[in-house]
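K.L.:
Below: one structure in structure tokens.
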Amino acid sequence: LSDDIPFRVNWPGTELSLPTSGVLYKEDNFIIMTTVDKEKYKCILPLISSGNEEEEKDYKGPTPGELLEPLFKQSSCSYRIESYWTYEVCHGKHIRQYHEEKETGQKINIQEYYLGNMMIKNPLSEPDQEEKENPKESAKEIPTKNIEGQMTPYYPVEMGNGTPCSLRQNLPRSSTVMYICHPEAKHEILSVAEITTCEYEVVILTPLLCSHPKYRFRASPVNDIFCQSLPGSPLKPHNLEQLEKQQELMKMPFRRVKEEEMHSTKEEKFSSIHKPVAVGNHQLLTVGTTHISKLTDDQLIKEFLSGSYCFHGGVGWWKYEFCYGKYVHQYHEDKESGKTSVVVGTWNREEHIEWSKKNAARTYYLREDGTQTVRMVSHFYGNGDVCDLTDKPRQVTVKLKCKESDSPHAVTIYMLEPHSCQYILGVESPVICKILDTADEYGLLSVPS
């Protein structure tokens, strides 16, 4: 049994019919388990093997290189912005790491290194050609990388001939770009890591590989283990029964959850990978996900709309706090110097209403039956801390958008800065789906009736 695969133990009693679809089971694939109280159980284990083996064997479609070709032909670039460095991956061309500083007189000083350049004209053809010509090669093991606890297949593209590295006798820097399938991605950079001095690994999320069965994104299903009691033992272990009764008594459906419980590391994690990075003119500051504690939906909506429950998100140096109808803060926490906080914008109902008369506070999309439904609402938060570059208060437009997710209590937060100290904060969550249609003409939301 692998630690990467989740399991669930069931206690079916004497009546057991094994599932005929999904994961396979065989009557003789079992182990005998004994509890500390000498209770004995026969536990039938699932046969864990790839259910897609036949599909993978019969696949005759495009190679991974051919699937990625449109990305390389477009000459598009993806960016990841961290506290100091910005990383630029221009697909099929180069990887650059740079930092910009404005000096007096608005002169811009750029510090940059190339972590790799493409050394052949068509980077995708060579390995794929080999694969087509030599069937044995195509059967070779596809490399995998541990992404958020799951071993994920990737397609590697090597880049070399980067900026000389003084720590390695001026040898050129080099990188391996790992393209992995993620159906909702937009070719964003998930991570950049220096694995040895001046050698790097760059992970790119792309939907282009997802049509290839060997690279497909797989959500880990929970596999059932069926444990039946042997003669002389209860249907379920006595200690487990007692524990479950205690847990039931402790459940109080409408109690207010404390903040430290909301951010507990024991909380089930939101498994989706970071929000896709849009490639375009906007500078993307940071992207992140957070998990909302599982309050009841009604209570959560009321607390969110009252501003008493705030969303947190962001990765890298800056994190973000959004309290509906109150403020947007950007902050950094340091063990030595404490918390540094910047007010990006504060709520003023009258200012927002004036803003909404000139801007679209609600946007719609048409349903199949011809009716309109609200897709997104935008709110204006002004009067933030004064910006050094403009000598004006910071301001932010908060865009609240419905986003369906496998995790119904997840939220994704990202921030753009299209103009100096004028921000766009994107907040997307299934929670917002439940209240968007309550938006009035100014985009203001209320508790659903």
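Chain labels follow the order of the structure tokens: the first chain is A, the next B, and so on; residue numbering restarts at 1 in every chain, and ligands are counted from 1 in their shown order.
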Would you list the contacts of Leu18 in chain A as a list in words, taking every protein, DNA or RNA residue within 9 Å and counting only C-alpha atoms, but skipping same-chain residues closer than 6 positions in sequence?

P.N.:
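In the requested format, the answer is Leu24, Tyr25, Lys26, Glu27 and Phe226 of chain A.
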
K.L.:
Neighbouring residues of range 68-82 of chain A were defined as those with any atom within 6 Å, considering only C-alpha atoms; residues of the same chain fewer than 5 positions away were excluded. Please report them as a list of chain:residue names.

P.N.:
A:Tyr87, A:Glu88, A:Val89, A:Cys90, A:His91, A:Gly92, A:Glu188, A:Ile189, A:Val279, A:Gly316

K.L.:
Can you tell me which residues surround Thr397 in chain A at a distance of at most 7 Å, considering only C-alpha atoms, apart from same-chain residues fewer than 4 positions away, and format the answer as a ChimeraX atom specification?

P.N.:
/A:378-381,423-425

K.L.:
Can you work out the spacing between CA of Cys323 in chain A and CA of Glu184 in chain A in Å, to one decimal?

P.N.:
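For CA of Cys323 in chain A relative to CA of Glu184 in chain A, the distance reads 27.1 Å.
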
K.L.:
With distances taken over only C-alpha atoms, which of A:Cys387, A:Leu416, A:Cys402, A:Val203 is nearest to Tyr365 in chain A?

P.N.:
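Selected residue with least distance to Tyr365 in chain A: A:Cys402.
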
K.L.:
Mind checking which residues fall within 9 Å of Tyr442 in chain A, counting only C-alpha atoms, ignoring those fewer than 3 positions away in the same chain, and posting them as number ranges by chain?

P.N.:
A: 352-353, 356-357, 360-362, 377-379, 439, 445

K.L.:
Report, in Å with one decimal, the straight-line distance from CA of Lys42 in chain A to CA of Glu248 in chain A.

P.N.:
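CA of Glu248 in chain A lies at a distance of 26.9 Å from CA of Lys42 in chain A.
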
K.L.:
Determine, counting only C-alpha atoms, which protein, DNA and RNA residues have an atom within 6 Å of an atom of range 148-157 of chain A; residues of the same chain fewer than 3 positions away are not included. Present the result as a ChimeraX atom specification.

P.N.:
/A:143-145,176-180,215

K.L.:
Counting only C-alpha atoms, what is within 9 Å of Asp224 in chain A, bar same-chain residues fewer than 2 positions away, as a tab-separated table (two decimals) with C-alpha atoms, in the first residue's frame?

P.N.:
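Result went into result.tsv, see below:
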chain	number	residue	atom	x	y	z
A	6	PRO	CA	-5.99	7.46	0.52
A	7	PHE	CA	-7.98	4.62	2.06
A	8	ARG	CA	-11.19	4.34	4.08
A	9	VAL	CA	-12.08	1.42	6.34
A	10	ASN	CA	-15.68	0.13	6.17
A	23	VAL	CA	-11.21	-0.42	-8.08
A	44	ILE	CA	-10.40	-7.29	2.02
A	45	LEU	CA	-8.01	-4.93	0.25
A	46	PRO	CA	-8.53	-3.22	-3.12
A	222	VAL	CA	-10.53	7.16	-1.73
A	226	PHE	CA	-13.87	-3.86	3.88

K.L.:
What gap, in Å, lies between CA of Lys40 in chain A and CA of His238 in chain A?

P.N.:
11.6 Å

K.L.:
Could you write out, as a PDB file with C-alpha atoms, in the first residue's frame, all the residues of range 137-178 of chain A that DSSP marks as strand (DSSP E)?

P.N.:
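Result file follows (out11.pdb):
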ATOM      1  CA  THR A 144       7.259  11.920 -12.051  1.00  0.00           C
ATOM      2  CA  LYS A 145       7.585  14.657  -9.440  1.00  0.00           C
ATOM      3  CA  ASN A 146       5.953  14.992  -6.027  1.00  0.00           C
ATOM      4  CA  ILE A 147       3.460  17.859  -6.426  1.00  0.00           C
ATOM      5  CA  GLN A 150       0.983  13.367  -5.284  1.00  0.00           C
ATOM      6  CA  MET A 151       3.460  11.779  -7.693  1.00  0.00           C
ATOM      7  CA  THR A 152       2.703  13.601 -10.940  1.00  0.00           C
ATOM      8  CA  PRO A 153       4.009  12.709 -14.437  1.00  0.00           C
ATOM      9  CA  TYR A 155       7.280  16.179 -19.749  1.00  0.00           C
ATOM     10  CA  PRO A 156      10.829  17.603 -19.479  1.00  0.00           C
ATOM     11  CA  VAL A 157      12.361  20.243 -21.777  1.00  0.00           C
ATOM     12  CA  GLU A 158      16.041  20.964 -21.218  1.00  0.00           C
ATOM     13  CA  MET A 159      17.396  24.522 -21.482  1.00  0.00           C
ATOM     14  CA  PRO A 164      27.827  31.995 -16.721  1.00  0.00           C
ATOM     15  CA  CYS A 165      27.925  30.925 -13.070  1.00  0.00           C
ATOM     16  CA  LEU A 171      29.918  27.196 -16.521  1.00  0.00           C
ATOM     17  CA  PRO A 172      26.589  28.309 -18.043  1.00  0.00           C
ATOM     18  CA  SER A 174      20.913  25.376 -17.085  1.00  0.00           C
ATOM     19  CA  SER A 175      17.319  24.381 -16.322  1.00  0.00           C
ATOM     20  CA  THR A 176      14.854  21.548 -16.760  1.00  0.00           C
ATOM     21  CA  VAL A 177      11.355  22.816 -17.517  1.00  0.00           C
ATOM     22  CA  MET A 178       8.784  20.260 -16.314  1.00  0.00           C
TER      23      MET A 178
END

K.L.:
Find, counting only C-alpha atoms, the residue in A:Gly160, A:Gly345, A:Pro12, A:Gly426 that gets nearest to His312 in chain A.

P.N.:
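Closest candidate: A:Gly426.
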
K.L.:
Give the answer as one residue: which of A:Tyr331, A:Glu39, A:Lys326, A:Ser166 has the shortest atom-to-atom distance to Tyr309 in chain A, using only C-alpha atoms?

P.N.:
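The closest residue to Tyr309 in chain A is A:Lys326.
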